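Colleague: This is structure17.pdb, which holds PDB, C-alpha atoms and all ligand atoms:
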ATOM      1  CA  MET K   1     -15.672  -9.155 -26.304
ATOM      2  CA  ILE K   2     -13.908  -5.973 -25.285
ATOM      3  CA  ALA K   3     -11.393  -6.323 -22.439
ATOM      4  CA  TRP K   4      -8.384  -4.571 -20.924
ATOM      5  CA  GLN K   5      -5.071  -6.326 -20.308
ATOM      6  CA  VAL K   6      -2.015  -5.435 -18.259
ATOM      7  CA  HIS K   7       0.315  -5.576 -21.250
ATOM      8  CA  ARG K   8       3.466  -3.774 -20.162
ATOM      9  CA  PRO K   9       3.573  -3.153 -16.382
ATOM     10  CA  GLY K  10       5.002   0.246 -15.501
ATOM     11  CA  PRO K  11       4.096   3.707 -14.233
ATOM     12  CA  ILE K  12       0.467   4.456 -15.052
ATOM     13  CA  GLY K  13       1.552   7.422 -17.205
ATOM     14  CA  THR K  14       3.306   5.014 -19.612
ATOM     15  CA  GLY K  15       0.031   3.264 -20.502
ATOM     16  CA  PRO K  16       0.561  -0.247 -19.071
ATOM     17  CA  LEU K  17      -2.972  -1.334 -20.015
ATOM     18  CA  ARG K  18      -4.245  -1.986 -23.505
ATOM     19  CA  GLN K  19      -7.755  -2.496 -24.749
ATOM     20  CA  VAL K  20      -8.244  -5.641 -26.836
ATOM     21  CA  THR K  21     -10.921  -7.698 -28.511
ATOM     22  CA  MET K  22     -10.766 -11.308 -27.381
ATOM     23  CA  PRO K  23     -13.014 -14.394 -27.413
ATOM     24  CA  VAL K  24     -15.646 -14.747 -24.705
ATOM     25  CA  PRO K  25     -14.115 -17.258 -22.228
ATOM     26  CA  GLU K  26     -15.690 -20.691 -21.727
ATOM     27  CA  PRO K  27     -16.523 -21.931 -18.234
ATOM     28  CA  GLY K  28     -14.652 -25.082 -17.189
ATOM     29  CA  PRO K  29     -15.862 -27.624 -14.622
ATOM     30  CA  GLY K  30     -17.136 -25.845 -11.525
ATOM     31  CA  GLU K  31     -16.978 -22.445 -13.200
ATOM     32  CA  LEU K  32     -19.542 -19.779 -14.004
ATOM     33  CA  LEU K  33     -19.599 -17.597 -17.086
ATOM     34  CA  LEU K  34     -20.716 -14.102 -16.118
ATOM     35  CA  ARG K  35     -21.871 -11.210 -18.207
ATOM     36  CA  VAL K  36     -20.126  -8.417 -16.321
ATOM     37  CA  ALA K  37     -22.576  -5.785 -15.101
ATOM     38  CA  ALA K  38     -20.010  -3.773 -13.117
ATOM     39  CA  CYS K  39     -16.409  -4.104 -11.956
ATOM     40  CA  GLY K  40     -14.870  -1.942  -9.266
ATOM     41  CA  VAL K  41     -11.467  -0.307  -9.695
ATOM     42  CA  CYS K  42      -9.246  -1.240  -6.751
ATOM     43  CA  ARG K  43      -5.830   0.066  -5.748
ATOM     44  CA  THR K  44      -4.489  -3.463  -6.217
ATOM     45  CA  ASP K  45      -5.288  -3.123  -9.929
ATOM     46  CA  LEU K  46      -3.012  -0.095  -9.935
ATOM     47  CA  HIS K  47      -0.258  -2.095  -8.197
ATOM     48  CA  LEU K  48      -0.656  -4.778 -10.884
ATOM     49  CA  ALA K  49      -0.626  -2.250 -13.723
ATOM     50  CA  GLU K  50       2.480  -0.538 -12.354
ATOM     51  CA  GLY K  51       4.306  -3.805 -11.597
ATOM     52  CA  ASP K  52       4.437  -3.376  -7.791
ATOM     53  CA  LEU K  53       2.784  -6.787  -7.879
ATOM     54  CA  PRO K  54       4.703  -8.607 -10.616
ATOM     55  CA  PRO K  55       2.649 -10.410 -13.275
ATOM     56  CA  VAL K  56       2.320 -14.189 -12.886
ATOM     57  CA  ARG K  57       1.084 -14.593 -16.481
ATOM     58  CA  PRO K  58       1.209 -12.253 -19.470
ATOM     59  CA  ASP K  59      -1.616  -9.996 -20.658
ATOM     60  CA  THR K  60      -3.966 -10.669 -17.762
ATOM     61  CA  VAL K  61      -7.296  -8.881 -17.545
ATOM     62  CA  PRO K  62      -7.384  -7.094 -14.156
ATOM     63  CA  GLY K  63     -10.439  -6.501 -11.992
ATOM     64  CA  HIS K  64     -11.622  -8.383  -8.901
ATOM     65  CA  GLU K  65     -14.775  -6.602  -7.772
ATOM     66  CA  ILE K  66     -17.005  -8.223 -10.362
ATOM     67  CA  VAL K  67     -20.781  -8.083 -10.338
ATOM     68  CA  GLY K  68     -22.197 -10.280 -13.047
ATOM     69  CA  GLU K  69     -25.163 -12.223 -14.267
ATOM     70  CA  VAL K  70     -24.679 -15.957 -14.690
ATOM     71  CA  VAL K  71     -25.174 -16.754 -18.390
ATOM     72  CA  ASP K  72     -23.609 -20.225 -18.502
ATOM     73  CA  ALA K  73     -21.942 -22.751 -16.214
ATOM     74  CA  GLY K  74     -19.588 -25.692 -16.555
ATOM     75  CA  VAL K  75     -20.350 -29.152 -15.169
ATOM     76  CA  ASP K  76     -20.463 -29.575 -11.371
ATOM     77  CA  VAL K  77     -22.016 -26.213 -10.546
ATOM     78  CA  ALA K  78     -24.785 -26.634  -7.974
ATOM     79  CA  ASP K  79     -25.262 -23.375  -6.091
ATOM     80  CA  PHE K  80     -25.991 -20.929  -8.900
ATOM     81  CA  ALA K  81     -28.324 -20.872 -11.859
ATOM     82  CA  THR K  82     -28.541 -18.910 -15.088
ATOM     83  CA  GLY K  83     -29.828 -15.404 -14.399
ATOM     84  CA  ASP K  84     -28.450 -15.178 -10.841
ATOM     85  CA  ARG K  85     -26.573 -12.023  -9.872
ATOM     86  CA  VAL K  86     -23.268 -12.983  -8.249
ATOM     87  CA  GLY K  87     -20.126 -11.317  -6.979
ATOM     88  CA  VAL K  88     -16.553 -12.371  -7.677
ATOM     89  CA  ALA K  89     -13.736 -11.152  -5.471
ATOM     90  CA  TRP K  90      -9.932 -11.394  -5.206
ATOM     91  CA  LEU K  91      -9.570 -14.932  -3.784
ATOM     92  CA  ARG K  92     -10.431 -17.555  -6.411
ATOM     93  CA  HIS K  93      -8.570 -20.725  -5.412
ATOM     94  CA  THR K  94      -7.085 -22.471  -2.385
ATOM     95  CA  ASP K  95      -6.082 -26.126  -1.992
ATOM     96  CA  GLN K  96      -8.147 -26.880   1.167
ATOM     97  CA  THR K  97      -5.494 -29.439   2.165
ATOM     98  CA  CYS K  98      -2.608 -27.392   3.608
ATOM     99  CA  ARG K  99      -2.199 -26.639   7.325
ATOM    100  CA  TYR K 100      -3.529 -23.091   6.884
ATOM    101  CA  CYS K 101      -6.664 -24.110   5.008
ATOM    102  CA  ARG K 102      -7.342 -26.874   7.532
ATOM    103  CA  ALA K 103      -6.985 -24.347  10.368
ATOM    104  CA  GLY K 104      -9.538 -21.979   8.820
ATOM    105  CA  ALA K 105      -6.933 -19.574   7.422
ATOM    106  CA  GLU K 106      -7.379 -20.189   3.704
ATOM    107  CA  ASN K 107      -6.271 -16.584   3.126
ATOM    108  CA  LEU K 108      -2.727 -17.819   3.948
ATOM    109  CA  CYS K 109      -2.819 -20.823   1.607
ATOM    110  CA  PRO K 110       0.490 -21.036  -0.308
ATOM    111  CA  ALA K 111      -1.431 -22.396  -3.304
ATOM    112  CA  SER K 112      -3.920 -19.512  -3.351
ATOM    113  CA  ARG K 113      -4.787 -17.850  -6.648
ATOM    114  CA  TYR K 114      -6.357 -14.471  -7.287
ATOM    115  CA  THR K 115      -8.824 -12.962  -9.744
ATOM    116  CA  GLY K 116      -7.252 -10.522 -12.181
ATOM    117  CA  TRP K 117      -3.725 -11.734 -11.324
ATOM    118  CA  HIS K 118      -3.578 -15.534 -11.776
ATOM    119  CA  ALA K 119      -6.640 -15.515 -14.034
ATOM    120  CA  ASP K 120      -8.489 -12.956 -16.116
ATOM    121  CA  GLY K 121     -10.722 -10.609 -14.137
ATOM    122  CA  GLY K 122     -13.564  -8.205 -14.734
ATOM    123  CA  TYR K 123     -12.240  -5.325 -16.856
ATOM    124  CA  ALA K 124     -14.169  -7.020 -19.651
ATOM    125  CA  GLN K 125     -17.649  -7.745 -20.927
ATOM    126  CA  TYR K 126     -17.514 -11.376 -19.714
ATOM    127  CA  ALA K 127     -15.557 -13.273 -17.087
ATOM    128  CA  VAL K 128     -15.347 -16.824 -15.766
ATOM    129  CA  ALA K 129     -15.011 -17.602 -12.083
ATOM    130  CA  PRO K 130     -15.107 -20.695  -9.875
ATOM    131  CA  ALA K 131     -18.599 -21.040  -8.401
ATOM    132  CA  ASP K 132     -17.153 -22.103  -5.018
ATOM    133  CA  TYR K 133     -15.571 -18.651  -4.669
ATOM    134  CA  ALA K 134     -18.525 -16.588  -5.920
ATOM    135  CA  TYR K 135     -20.804 -14.736  -3.522
ATOM    136  CA  GLN K 136     -24.512 -14.166  -3.368
ATOM    137  CA  LEU K 137     -25.063 -10.418  -3.177
ATOM    138  CA  PRO K 138     -27.434  -8.425  -0.974
ATOM    139  CA  GLY K 139     -30.365  -7.298  -3.109
ATOM    140  CA  THR K 140     -30.466  -3.892  -1.445
ATOM    141  CA  TYR K 141     -27.613  -2.440  -3.547
ATOM    142  CA  ASP K 142     -27.508  -1.835  -7.295
ATOM    143  CA  ASP K 143     -24.658  -3.236  -9.417
ATOM    144  CA  VAL K 144     -22.471  -0.136  -9.213
ATOM    145  CA  HIS K 145     -22.815   0.249  -5.451
ATOM    146  CA  VAL K 146     -22.402  -3.425  -4.576
ATOM    147  CA  ALA K 147     -19.158  -3.817  -6.578
ATOM    148  CA  PRO K 148     -16.869  -1.975  -4.109
ATOM    149  CA  LEU K 149     -18.118  -4.207  -1.301
ATOM    150  CA  LEU K 150     -16.348  -7.158  -2.933
ATOM    151  CA  CYS K 151     -12.779  -6.067  -2.208
ATOM    152  CA  ALA K 152     -12.728  -2.659  -0.590
ATOM    153  CA  GLY K 153     -15.527  -3.763   1.710
ATOM    154  CA  ILE K 154     -14.365  -7.292   2.532
ATOM    155  CA  ILE K 155     -10.702  -6.331   3.054
ATOM    156  CA  GLY K 156     -11.654  -3.315   5.161
ATOM    157  CA  TYR K 157     -13.833  -5.604   7.237
ATOM    158  CA  ARG K 158     -11.013  -8.089   7.794
ATOM    159  CA  ALA K 159      -8.590  -5.250   8.596
ATOM    160  CA  LEU K 160     -11.023  -3.962  11.187
ATOM    161  CA  ARG K 161     -11.253  -7.409  12.767
ATOM    162  CA  ARG K 162      -7.425  -7.710  12.699
ATOM    163  CA  ALA K 163      -7.167  -4.370  14.544
ATOM    164  CA  ASP K 164      -8.874  -5.940  17.581
ATOM    165  CA  LEU K 165     -11.042  -2.923  18.292
ATOM    166  CA  PRO K 166     -12.648  -3.396  21.729
ATOM    167  CA  PRO K 167     -16.423  -2.756  22.068
ATOM    168  CA  GLY K 168     -17.048   0.990  22.136
ATOM    169  CA  GLY K 169     -13.343   1.611  21.499
ATOM    170  CA  ARG K 170     -11.473   4.446  19.834
ATOM    171  CA  LEU K 171     -10.513   3.620  16.255
ATOM    172  CA  GLY K 172      -8.130   5.566  14.016
ATOM    173  CA  ILE K 173      -8.480   5.258  10.246
ATOM    174  CA  TYR K 174      -5.558   6.526   8.165
ATOM    175  CA  GLY K 175      -6.376   7.210   4.543
ATOM    176  CA  PHE K 176     -10.030   7.427   3.557
ATOM    177  CA  GLY K 177     -10.673   5.827   0.187
ATOM    178  CA  ALA K 178     -13.011   3.088  -0.974
ATOM    179  CA  SER K 179     -12.061   0.536   1.681
ATOM    180  CA  ALA K 180     -11.736   2.926   4.617
ATOM    181  CA  HIS K 181     -15.123   4.586   4.177
ATOM    182  CA  LEU K 182     -16.827   1.197   4.358
ATOM    183  CA  ALA K 183     -14.785  -0.073   7.334
ATOM    184  CA  ALA K 184     -15.559   3.188   9.158
ATOM    185  CA  GLN K 185     -19.291   2.569   8.752
ATOM    186  CA  VAL K 186     -18.973  -0.966  10.119
ATOM    187  CA  ALA K 187     -17.088   0.348  13.161
ATOM    188  CA  LEU K 188     -19.605   3.155  13.677
ATOM    189  CA  ALA K 189     -22.529   0.725  13.427
ATOM    190  CA  GLU K 190     -20.833  -1.337  16.138
ATOM    191  CA  GLY K 191     -20.543   1.651  18.452
ATOM    192  CA  ALA K 192     -16.917   2.719  17.981
ATOM    193  CA  THR K 193     -15.605   6.256  18.205
ATOM    194  CA  VAL K 194     -13.945   6.794  14.819
ATOM    195  CA  HIS K 195     -11.175   9.296  14.113
ATOM    196  CA  VAL K 196     -10.127   9.731  10.491
ATOM    197  CA  VAL K 197      -6.743  11.058   9.421
ATOM    198  CA  THR K 198      -6.330  11.942   5.745
ATOM    199  CA  ARG K 199      -4.837  14.747   3.688
ATOM    200  CA  ALA K 200      -7.796  15.048   1.307
ATOM    201  CA  ALA K 201     -10.297  17.707   2.401
ATOM    202  CA  ALA K 202     -13.208  16.081   0.510
ATOM    203  CA  ALA K 203     -12.496  12.764   2.231
ATOM    204  CA  ARG K 204     -12.443  14.455   5.637
ATOM    205  CA  GLN K 205     -15.868  15.934   4.899
ATOM    206  CA  LEU K 206     -17.190  12.530   3.840
ATOM    207  CA  ALA K 207     -15.843  11.029   7.088
ATOM    208  CA  LEU K 208     -17.692  13.623   9.164
ATOM    209  CA  ASP K 209     -20.879  13.154   7.115
ATOM    210  CA  LEU K 210     -20.726   9.415   7.842
ATOM    211  CA  GLY K 211     -20.480  10.029  11.579
ATOM    212  CA  ALA K 212     -16.765  10.121  12.392
ATOM    213  CA  ALA K 213     -16.015  11.917  15.659
ATOM    214  CA  SER K 214     -13.143  13.801  14.056
ATOM    215  CA  ALA K 215     -11.348  14.144  10.729
ATOM    216  CA  ALA K 216      -7.921  15.745  10.571
ATOM    217  CA  ALA K 217      -4.907  15.978   8.298
ATOM    218  CA  ASP K 218      -2.306  15.083  10.906
ATOM    219  CA  ARG K 219      -3.396  13.282  14.067
ATOM    220  CA  PRO K 220      -6.407  12.115  16.089
ATOM    221  CA  PRO K 221      -7.479  14.146  19.140
ATOM    222  CA  GLU K 222      -7.069  11.258  21.598
ATOM    223  CA  PRO K 223      -5.043   8.036  21.970
ATOM    224  CA  LEU K 224      -6.379   5.056  20.027
ATOM    225  CA  ASP K 225      -7.295   1.516  21.041
ATOM    226  CA  ALA K 226      -6.962   0.375  17.443
ATOM    227  CA  ALA K 227      -5.962   1.752  14.082
ATOM    228  CA  VAL K 228      -6.114   0.671  10.463
ATOM    229  CA  LEU K 229      -3.611   2.043   7.973
ATOM    230  CA  PHE K 230      -5.248   2.149   4.541
ATOM    231  CA  ALA K 231      -2.769   4.517   2.867
ATOM    232  CA  PRO K 232       0.015   2.401   1.263
ATOM    233  CA  VAL K 233       2.643   4.551   2.947
ATOM    234  CA  GLY K 234       5.182   2.789   5.174
ATOM    235  CA  SER K 235       6.506   6.028   6.660
ATOM    236  CA  LEU K 236       3.149   6.393   8.428
ATOM    237  CA  VAL K 237       3.643   3.194  10.447
ATOM    238  CA  PRO K 238       5.753   4.767  13.235
ATOM    239  CA  VAL K 239       3.485   7.811  13.202
ATOM    240  CA  VAL K 240       0.360   5.718  13.743
ATOM    241  CA  LEU K 241       2.050   3.489  16.342
ATOM    242  CA  SER K 242       2.851   6.641  18.319
ATOM    243  CA  HIS K 243      -0.874   7.528  18.250
ATOM    244  CA  LEU K 244      -1.870   4.208  19.893
ATOM    245  CA  ASP K 245      -2.703   3.964  23.543
ATOM    246  CA  ARG K 246      -1.033   1.257  25.648
ATOM    247  CA  GLY K 247      -2.128  -2.175  24.410
ATOM    248  CA  GLY K 248      -3.341  -0.766  21.094
ATOM    249  CA  THR K 249      -3.142  -2.533  17.735
ATOM    250  CA  LEU K 250      -2.311  -1.223  14.268
ATOM    251  CA  ALA K 251      -3.450  -3.304  11.290
ATOM    252  CA  ILE K 252      -2.037  -2.546   7.837
ATOM    253  CA  ALA K 253      -4.788  -3.125   5.303
ATOM    254  CA  GLY K 254      -2.943  -2.869   1.994
ATOM    255  CA  ILE K 255      -1.411  -5.624  -0.111
ATOM    256  CA  HIS K 256       1.506  -3.321  -0.885
ATOM    257  CA  LEU K 257       3.286  -0.847   1.383
ATOM    258  CA  THR K 258       6.317   1.333   0.828
ATOM    259  CA  ASP K 259       9.223   0.621   3.190
ATOM    260  CA  ILE K 260       8.695   1.087   6.909
ATOM    261  CA  PRO K 261      11.367   3.294   8.508
ATOM    262  CA  VAL K 262      13.379   2.134  11.513
ATOM    263  CA  LEU K 263      11.163   1.789  14.589
ATOM    264  CA  ASN K 264      12.131   2.781  18.101
ATOM    265  CA  TYR K 265      11.096   0.085  20.560
ATOM    266  CA  GLU K 266      10.222   2.435  23.428
ATOM    267  CA  GLU K 267       8.452   5.018  21.327
ATOM    268  CA  HIS K 268       6.576   2.750  18.910
ATOM    269  CA  LEU K 269       6.089  -0.765  20.317
ATOM    270  CA  PHE K 270       6.627  -0.946  24.070
ATOM    271  CA  TYR K 271       3.533  -1.058  26.339
ATOM    272  CA  GLU K 272       2.316  -3.998  24.282
ATOM    273  CA  ARG K 273       1.363  -2.147  21.182
ATOM    274  CA  SER K 274       0.933  -4.558  18.243
ATOM    275  CA  LEU K 275       1.612  -4.210  14.539
ATOM    276  CA  ARG K 276      -0.251  -6.575  12.211
ATOM    277  CA  SER K 277      -0.566  -7.173   8.508
ATOM    278  CA  VAL K 278      -3.728  -8.207   6.678
ATOM    279  CA  THR K 279      -3.453 -10.792   3.917
ATOM    280  CA  ALA K 280      -6.441 -11.157   1.602
ATOM    281  CA  ASN K 281      -9.495 -12.701   3.244
ATOM    282  CA  THR K 282     -11.265 -15.967   3.810
ATOM    283  CA  ARG K 283     -14.600 -16.688   2.178
ATOM    284  CA  ASP K 284     -16.107 -16.612   5.662
ATOM    285  CA  ASP K 285     -14.935 -12.976   5.973
ATOM    286  CA  GLY K 286     -16.650 -12.248   2.675
ATOM    287  CA  ARG K 287     -19.930 -13.884   3.605
ATOM    288  CA  GLU K 288     -19.878 -12.276   7.061
ATOM    289  CA  PHE K 289     -19.298  -8.814   5.637
ATOM    290  CA  LEU K 290     -21.915  -9.145   2.885
ATOM    291  CA  ALA K 291     -24.439 -10.272   5.517
ATOM    292  CA  PHE K 292     -23.485  -7.238   7.625
ATOM    293  CA  ALA K 293     -23.968  -4.995   4.582
ATOM    294  CA  ARG K 294     -27.384  -6.543   3.987
ATOM    295  CA  ASP K 295     -28.476  -5.869   7.578
ATOM    296  CA  HIS K 296     -26.837  -2.435   7.939
ATOM    297  CA  PRO K 297     -27.384  -0.237   4.854
ATOM    298  CA  LEU K 298     -23.937   1.154   3.999
ATOM    299  CA  ARG K 299     -23.446   4.376   2.092
ATOM    300  CA  VAL K 300     -21.198   3.359  -0.789
ATOM    301  CA  SER K 301     -19.390   6.188  -2.511
ATOM    302  CA  ALA K 302     -19.111   4.915  -6.096
ATOM    303  CA  THR K 303     -18.847   6.582  -9.486
ATOM    304  CA  PRO K 304     -19.813   4.610 -12.612
ATOM    305  CA  ARG K 305     -17.465   4.934 -15.591
ATOM    306  CA  PRO K 306     -17.608   3.327 -19.023
ATOM    307  CA  LEU K 307     -15.371   0.265 -19.442
ATOM    308  CA  ALA K 308     -13.574   2.196 -22.184
ATOM    309  CA  GLU K 309     -12.186   4.549 -19.505
ATOM    310  CA  ALA K 310     -10.442   1.865 -17.400
ATOM    311  CA  ASP K 311      -6.978   3.349 -17.949
ATOM    312  CA  GLU K 312      -8.187   6.856 -17.062
ATOM    313  CA  ALA K 313      -9.899   5.516 -13.950
ATOM    314  CA  LEU K 314      -6.576   4.010 -12.803
ATOM    315  CA  SER K 315      -4.730   7.257 -13.576
ATOM    316  CA  ASP K 316      -7.254   9.156 -11.478
ATOM    317  CA  LEU K 317      -6.766   6.690  -8.617
ATOM    318  CA  ALA K 318      -2.978   7.079  -8.866
ATOM    319  CA  ALA K 319      -3.347  10.861  -8.696
ATOM    320  CA  ASP K 320      -5.827  10.722  -5.766
ATOM    321  CA  ARG K 321      -8.479  12.357  -7.939
ATOM    322  CA  VAL K 322     -11.253  10.028  -6.709
ATOM    323  CA  THR K 323     -13.217   9.974  -3.482
ATOM    324  CA  GLY K 324     -14.771   6.581  -2.915
ATOM    325  CA  ALA K 325     -14.565   4.100  -5.773
ATOM    326  CA  ALA K 326     -14.688   4.140  -9.554
ATOM    327  CA  VAL K 327     -16.783   1.316 -10.991
ATOM    328  CA  LEU K 328     -16.469   0.245 -14.622
ATOM    329  CA  VAL K 329     -19.682  -0.490 -16.476
ATOM    330  CA  PRO K 330     -19.342  -2.412 -19.780
TER     331      PRO K 330
HETATM  332 ZN    ZN O 401      -4.263 -24.281   1.525
HETATM  333 ZN    ZN O 402      -8.897  -5.127  -4.319
END
Give the structure from this file in structure tokens form.
Modeller:
Amino acid sequence: MIAWQVHRPGPIGTGPLRQVTMPVPEPGPGELLLRVAACGVCRTDLHLAEGDLPPVRPDTVPGHEIVGEVVDAGVDVADFATGDRVGVAWLRHTDQTCRYCRAGAENLCPASRYTGWHADGGYAQYAVAPADYAYQLPGTYDDVHVAPLLCAGIIGYRALRRADLPPGGRLGIYGFGASAHLAAQVALAEGATVHVVTRAAAARQLALDLGAASAAADRPPEPLDAAVLFAPVGSLVPVVLSHLDRGGTLAIAGIHLTDIPVLNYEEHLFYERSLRSVTANTRDDGREFLAFARDHPLRVSATPRPLAEADEALSDLAADRVTGAAVLVP
């Protein structure tokens, strides 16, 4: 099969990915073999390609928004059958025995493993994945438009929950890419007033089209009860904290953030403003979000691209040349 590997992590302009021909993987016990129908391109893939997230094994196939058809399964697979359409996301293993797993926080499991980082992902014609971590997908979306729900959607959903937005509250969304435009629609469907802050004019237009109350390049027009920072830019943290009302919460959605400058207690944190990180997601988050997406039709901004253009798709993401999500189609 054709696949892409992160061969030499470095700036995207140096060509860290290479296209290879490799054997179709074989499913082990509890695993599914999928024929990949679509795989979303996520900013985390860029962090892996550029080495911001260091490789844990050489020549790994990236890609963790996989939509595939089950073509084979190892022993001990009960929930899925050949021909099923399933989704595979970032989280692919936890131990279920540690204190975090037992407390319902498997996203914090120290033994967690991730698709496209600890194991080969979906920038390929076939992929294997543990059935226990695969999702049933809502039938109301085609392959290309359901793919971004699997990371951008689920992580945005968890970030929104971590931001503790009160019912009918004022939410700020900073950065408006694949994850943000889905989280915004969840918040809007739940009755929030959504203010979007992003430099990109096309993204501001998309935000307004989706129902945001405002979209600006610099700041929201009113104080915020909650905010989610999607842009991986640490220097925005004090800026966003200063936009929060008393008691407000800022959740940082990304897996990687540039350094946060020195904060001033009075200006940025006093009056019980909170700053929170978001670390991956639990499978319950995933199932909850996919059920929400089934019941509330989301507009998914996605652009299909041939698998052969994976490196170009990442370059475009690095240069902010995409609105919404690129989705690779083998
Ligand atoms: Zn655990
Ligand atoms: Zn992702």
Colleague: What does the distance between atom CA of K:Ala319 and atom CA of K:Gly177 come to in Å, to one decimal place?
Modeller: 12.6 Å
Colleague: Grab me every residue within 10 Å of ligand ZN 402 (chain O), counting all atoms listed in the file, and send it over as a list of chain:residue names.
Modeller: K:Gly40, K:Val41, K:Cys42, K:Arg43, K:Thr44, K:Asp45, K:Leu46, K:His47, K:Gly63, K:His64, K:Glu65, K:Ala89, K:Trp90, K:Leu91, K:Thr115, K:Gly116, K:Pro148, K:Leu149, K:Leu150, K:Cys151, K:Ala152, K:Gly153, K:Ile154, K:Ile155, K:Ala178, K:Ser179, K:Gly254, K:Ile255, K:Ala280
Colleague: Compile the contact shell of K:Val329 as a PDB file with C-alpha atoms, in the frame of the given file: residues with an atom at most 9 Å away, counting all atoms listed in the file, same-chain residues fewer than 4 positions apart removed.
Modeller:
ATOM      1  CA  VAL K  36     -20.126  -8.417 -16.321  1.00  0.00           C
ATOM      2  CA  ALA K  37     -22.576  -5.785 -15.101  1.00  0.00           C
ATOM      3  CA  ALA K  38     -20.010  -3.773 -13.117  1.00  0.00           C
ATOM      4  CA  CYS K  39     -16.409  -4.104 -11.956  1.00  0.00           C
ATOM      5  CA  GLY K  40     -14.870  -1.942  -9.266  1.00  0.00           C
ATOM      6  CA  TYR K 123     -12.240  -5.325 -16.856  1.00  0.00           C
ATOM      7  CA  GLN K 125     -17.649  -7.745 -20.927  1.00  0.00           C
ATOM      8  CA  VAL K 144     -22.471  -0.136  -9.213  1.00  0.00           C
ATOM      9  CA  PRO K 304     -19.813   4.610 -12.612  1.00  0.00           C
ATOM     10  CA  ARG K 305     -17.465   4.934 -15.591  1.00  0.00           C
ATOM     11  CA  PRO K 306     -17.608   3.327 -19.023  1.00  0.00           C
ATOM     12  CA  LEU K 307     -15.371   0.265 -19.442  1.00  0.00           C
ATOM     13  CA  ALA K 308     -13.574   2.196 -22.184  1.00  0.00           C
TER      14      ALA K 308
END
Colleague: What does the PyMOL selection byres (((not hetatm)) within 9 of (chain O and resi 401)) select in this file, as a ChimeraX atom specification?
Modeller: /K:93-102,105-112
Colleague: Written as a PyMOL selection string, what is the full residue list that the PyMOL selection byres (((chain K and resi 207) around 12) and not hetatm) yields on the file shown?
Modeller: chain K and resi 172-178+180-185+188+194-198+200-206+208-216+299+301+323-324
Colleague: Would you write out, as a count of residues only, every residue that the PyMOL selection byres (((chain K and resi 133-135) around 6) and not hetatm) captures in this file?
Modeller: 8
Colleague: Take atom CA of K:Leu250 and atom CA of K:Gly234 and report the distance between them in Å, one decimal.
Modeller: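 Between atom CA of K:Leu250 and atom CA of K:Gly234 the gap works out to 12.4 Å.
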Colleague: I'd like to know which of K:His7, K:Arg85, K:Arg276, K:Arg170 is closest to K:Thr193, using only C-alpha atoms.
Modeller: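 The closest residue to K:Thr193 is K:Arg170.
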Colleague: Residues near K:Thr14, anyone? I mean within 12 Å using all atoms listed in the file, not counting same-chain ones fewer than 6 positions away, as a VMD selection string.
Modeller: chain K and resid 6 to 8 49 to 51 311 to 312 315
Colleague: Please provide as a ChimeraX atom specification all residues within 8 Å of stretch 162-165 of chain K, with the sequence filter that same-chain residues fewer than 4 positions apart are discarded (counting all atoms listed in the file).
Modeller: /K:158,169-171,225-228,249-251,276,278
Colleague: Fewer than 5 positions away in the same chain doesn't count, so skip those; otherwise give me all residues within 6 Å of K:Leu34, counting all atoms listed in the file, as a list in words.
Modeller: Gly68, Glu69, Val70, Val71, Tyr126 and Ala127 of chain K
Colleague: Once you have the residues from the selection above, write them out as a compact mmCIF listing (two decimals), in the frame of the given file, restricted to C-alpha atoms.
Modeller:
# COMPACT_ATOMS: atom_id res chain seq x y z
CA GLY K 68 -22.20 -10.28 -13.05
CA GLU K 69 -25.16 -12.22 -14.27
CA VAL K 70 -24.68 -15.96 -14.69
CA VAL K 71 -25.17 -16.75 -18.39
CA TYR K 126 -17.51 -11.38 -19.71
CA ALA K 127 -15.56 -13.27 -17.09
